[in-house]
Amino acid sequence: MSQQRHGSSPANGSGSVPAFPDLPEATIARLPEYLRALHNLGEGGADTISSEGLAAAAGVNSAKLRKDLSHLGSYGTRGVGYDVALLIEQIEYVLGLDQRRAVCLVGVGNLGHALAGYDGFASRGFKIVALFDADPAKIGEVIHGLAVRHIDELGQVAVEESIAIGVIATPAGAAQAVADDLVAAGVTSILNFAPCVLSVPANVDVRKVDLAIELQILSFHEHRKATLTALPGGRSATGAGNQEAVGS
């Protein structure tokens, strides 16, 4: 979802970000991969990186990476590559990571417990500020320093904490009602771990994470590889060569 940023974009001589780039969805999906690779490179002491080096670190081909970064107004320097710190700043700005995002989590079963304690959220600018559930037995339970609240408190807490993103980790049967509660509370971005399709207004963005679907996709690729090797003259798994990660 595109949004207008208050204030100026990162300033630099040749690689400033346009007012706000209208990016293809596929590019948006890859920017976090580039950002993770850049952070790793920066922590390793790298000041600059070639497009080939960054592409390899992110698991994509270099032509695709250069096209993606050109949308940000970042073309690198011939013979030098990209400035790591500058590119981190550009991508974080476009992803809205130059400000902390308050997140609430609804559903504190096994998955919810795991998500509530995931350190990767805080390190990338997201703070889980509230936990909710409908089970009376879970209300008041303290998980990683946060007391679980009843879902009925969502509207009040959303305003108090300026919650920007809601995470749904409930069973599928409860997910739509939770999504409705989030929307009613003014939350317009939802990350859905429940195995179902949500119906939300046009101004609400939903990202779905279904681990079972990902396993089924991998199962297809295992099936395909097994079928290929079983055919006369079929290629072996070891002889197929390296390939870009599935889904990239």
# chains A, B, ... in the order shown; residues from 1 in each chain; ligands from 1
>>> residues_around(residues="Val157 (chain A)", least_positions_apart="5", cutoff="10 Å", atoms="only C-alpha atoms", output="list of chain:residue names")
A:Cys104, A:Val129, A:Ala130, A:Arg149, A:Ile151, A:Asp152, A:Ser162, A:Ile163, A:Ala185
>>> write_last_selection(atoms="N, CA and C atoms", output="CSV table (one decimal), in the first residue's frame")
chain,number,residue,atom,x,y,z
A,104,CYS,N,-0.5,-5.3,16.8
A,104,CYS,CA,-1.2,-6.1,17.8
A,104,CYS,C,-1.3,-7.5,17.3
A,129,VAL,N,2.6,-4.4,20.7
A,129,VAL,CA,2.2,-3.6,21.8
A,129,VAL,C,1.0,-4.2,22.5
A,130,ALA,N,0.3,-5.1,21.9
A,130,ALA,CA,-0.8,-5.7,22.6
A,130,ALA,C,-1.1,-7.1,22.1
A,149,ARG,N,-5.1,-9.5,26.6
A,149,ARG,CA,-6.3,-8.7,26.9
A,149,ARG,C,-7.5,-9.5,26.1
A,151,ILE,N,-10.5,-9.7,23.5
A,151,ILE,CA,-10.7,-9.1,22.2
A,151,ILE,C,-11.6,-7.9,22.3
A,152,ASP,N,-12.5,-7.9,23.2
A,152,ASP,CA,-13.5,-6.8,23.3
A,152,ASP,C,-12.8,-5.4,23.6
A,162,SER,N,-2.1,3.5,19.0
A,162,SER,CA,-1.9,3.8,17.6
A,162,SER,C,-1.5,2.6,16.8
A,163,ILE,N,-2.2,1.5,16.9
A,163,ILE,CA,-1.9,0.3,16.3
A,163,ILE,C,-2.0,0.4,14.7
A,185,ALA,N,-11.7,-1.1,14.4
A,185,ALA,CA,-10.9,-0.4,15.3
A,185,ALA,C,-9.9,0.6,14.5
>>> residues_around(residues="Pro32 (chain A)", least_positions_apart="3", cutoff="9 Å", atoms="only C-alpha atoms", output="JSON, numbers by chain")
{"A": [28, 29, 35, 36, 37, 91, 92, 95]}
>>> select_by_dssp(residues="region 66-220 of chain A", states="strand (DSSP E or B)", output="ChimeraX atom specification")
/A:77,81-83,101-106,126-133,142-143,146-150,165-168,189-192,205-208
>>> closest_residue(among="A:Leu38, A:Leu23, A:Val84, A:Ala116", to="Ala57 (chain A)", atoms="only C-alpha atoms")
A:Leu38
>>> atom_distance(atom1="CA of Gly81 (chain A)", atom2="CA of Gly120 (chain A)")
28.1 Å
>>> select_by_dssp(residues="region 7-242 of chain A", states="alpha helix (DSSP H)", output="ChimeraX atom specification")
/A:25-43,51-58,62-70,84-94,110-116,120-123,154-161,172-184,211-230
>>> residues_around(residues="Ala102 (chain A)", least_positions_apart="5", cutoff="12 Å", atoms="only C-alpha atoms", output="list of chain:residue names")
A:Leu97, A:Phe121, A:Ala122, A:Arg124, A:Gly125, A:Phe126, A:Lys127, A:Ile128, A:Val129, A:Ala130, A:Leu131, A:Val157, A:Ala158, A:Val159, A:Glu160, A:Glu161, A:Ser162, A:Ile163, A:Ala164, A:Ile165, A:Gly166, A:Val167, A:Val187, A:Ser189
>>> residues_around(residues="Ala147 (chain A)", least_positions_apart="2", cutoff="12 Å", atoms="only C-alpha atoms", output="PyMOL selection string")
chain A and resi 105+108+113+116+128-133+138-145+149-150
>>> write_last_selection(atoms="C-alpha atoms", output="PDB file, in the first residue's frame")
ATOM      1  CA  LEU A 105      -1.480  -9.901  17.807  1.00  0.00           C
ATOM      2  CA  VAL A 108      -2.232 -16.572  21.589  1.00  0.00           C
ATOM      3  CA  HIS A 113       3.125 -17.488  21.570  1.00  0.00           C
ATOM      4  CA  ALA A 116       4.886 -12.760  20.346  1.00  0.00           C
ATOM      5  CA  ILE A 128       4.085  -5.780  19.374  1.00  0.00           C
ATOM      6  CA  VAL A 129       2.192  -3.561  21.805  1.00  0.00           C
ATOM      7  CA  ALA A 130      -0.839  -5.706  22.615  1.00  0.00           C
ATOM      8  CA  LEU A 131      -1.987  -9.330  22.690  1.00  0.00           C
ATOM      9  CA  PHE A 132      -5.636 -10.363  22.423  1.00  0.00           C
ATOM     10  CA  ASP A 133      -7.665 -13.538  22.755  1.00  0.00           C
ATOM     11  CA  LYS A 138      -5.876 -16.915  28.563  1.00  0.00           C
ATOM     12  CA  ILE A 139      -6.890 -13.403  29.610  1.00  0.00           C
ATOM     13  CA  GLY A 140      -4.299 -11.919  31.952  1.00  0.00           C
ATOM     14  CA  GLU A 141      -1.579 -14.408  30.965  1.00  0.00           C
ATOM     15  CA  VAL A 142       1.743 -12.594  30.598  1.00  0.00           C
ATOM     16  CA  ILE A 143       3.676 -13.452  27.429  1.00  0.00           C
ATOM     17  CA  HIS A 144       7.040 -11.783  26.891  1.00  0.00           C
ATOM     18  CA  GLY A 145       6.080  -8.922  29.173  1.00  0.00           C
ATOM     19  CA  ARG A 149      -6.338  -8.739  26.853  1.00  0.00           C
ATOM     20  CA  HIS A 150      -9.844  -9.734  25.841  1.00  0.00           C
TER      21      HIS A 150
END
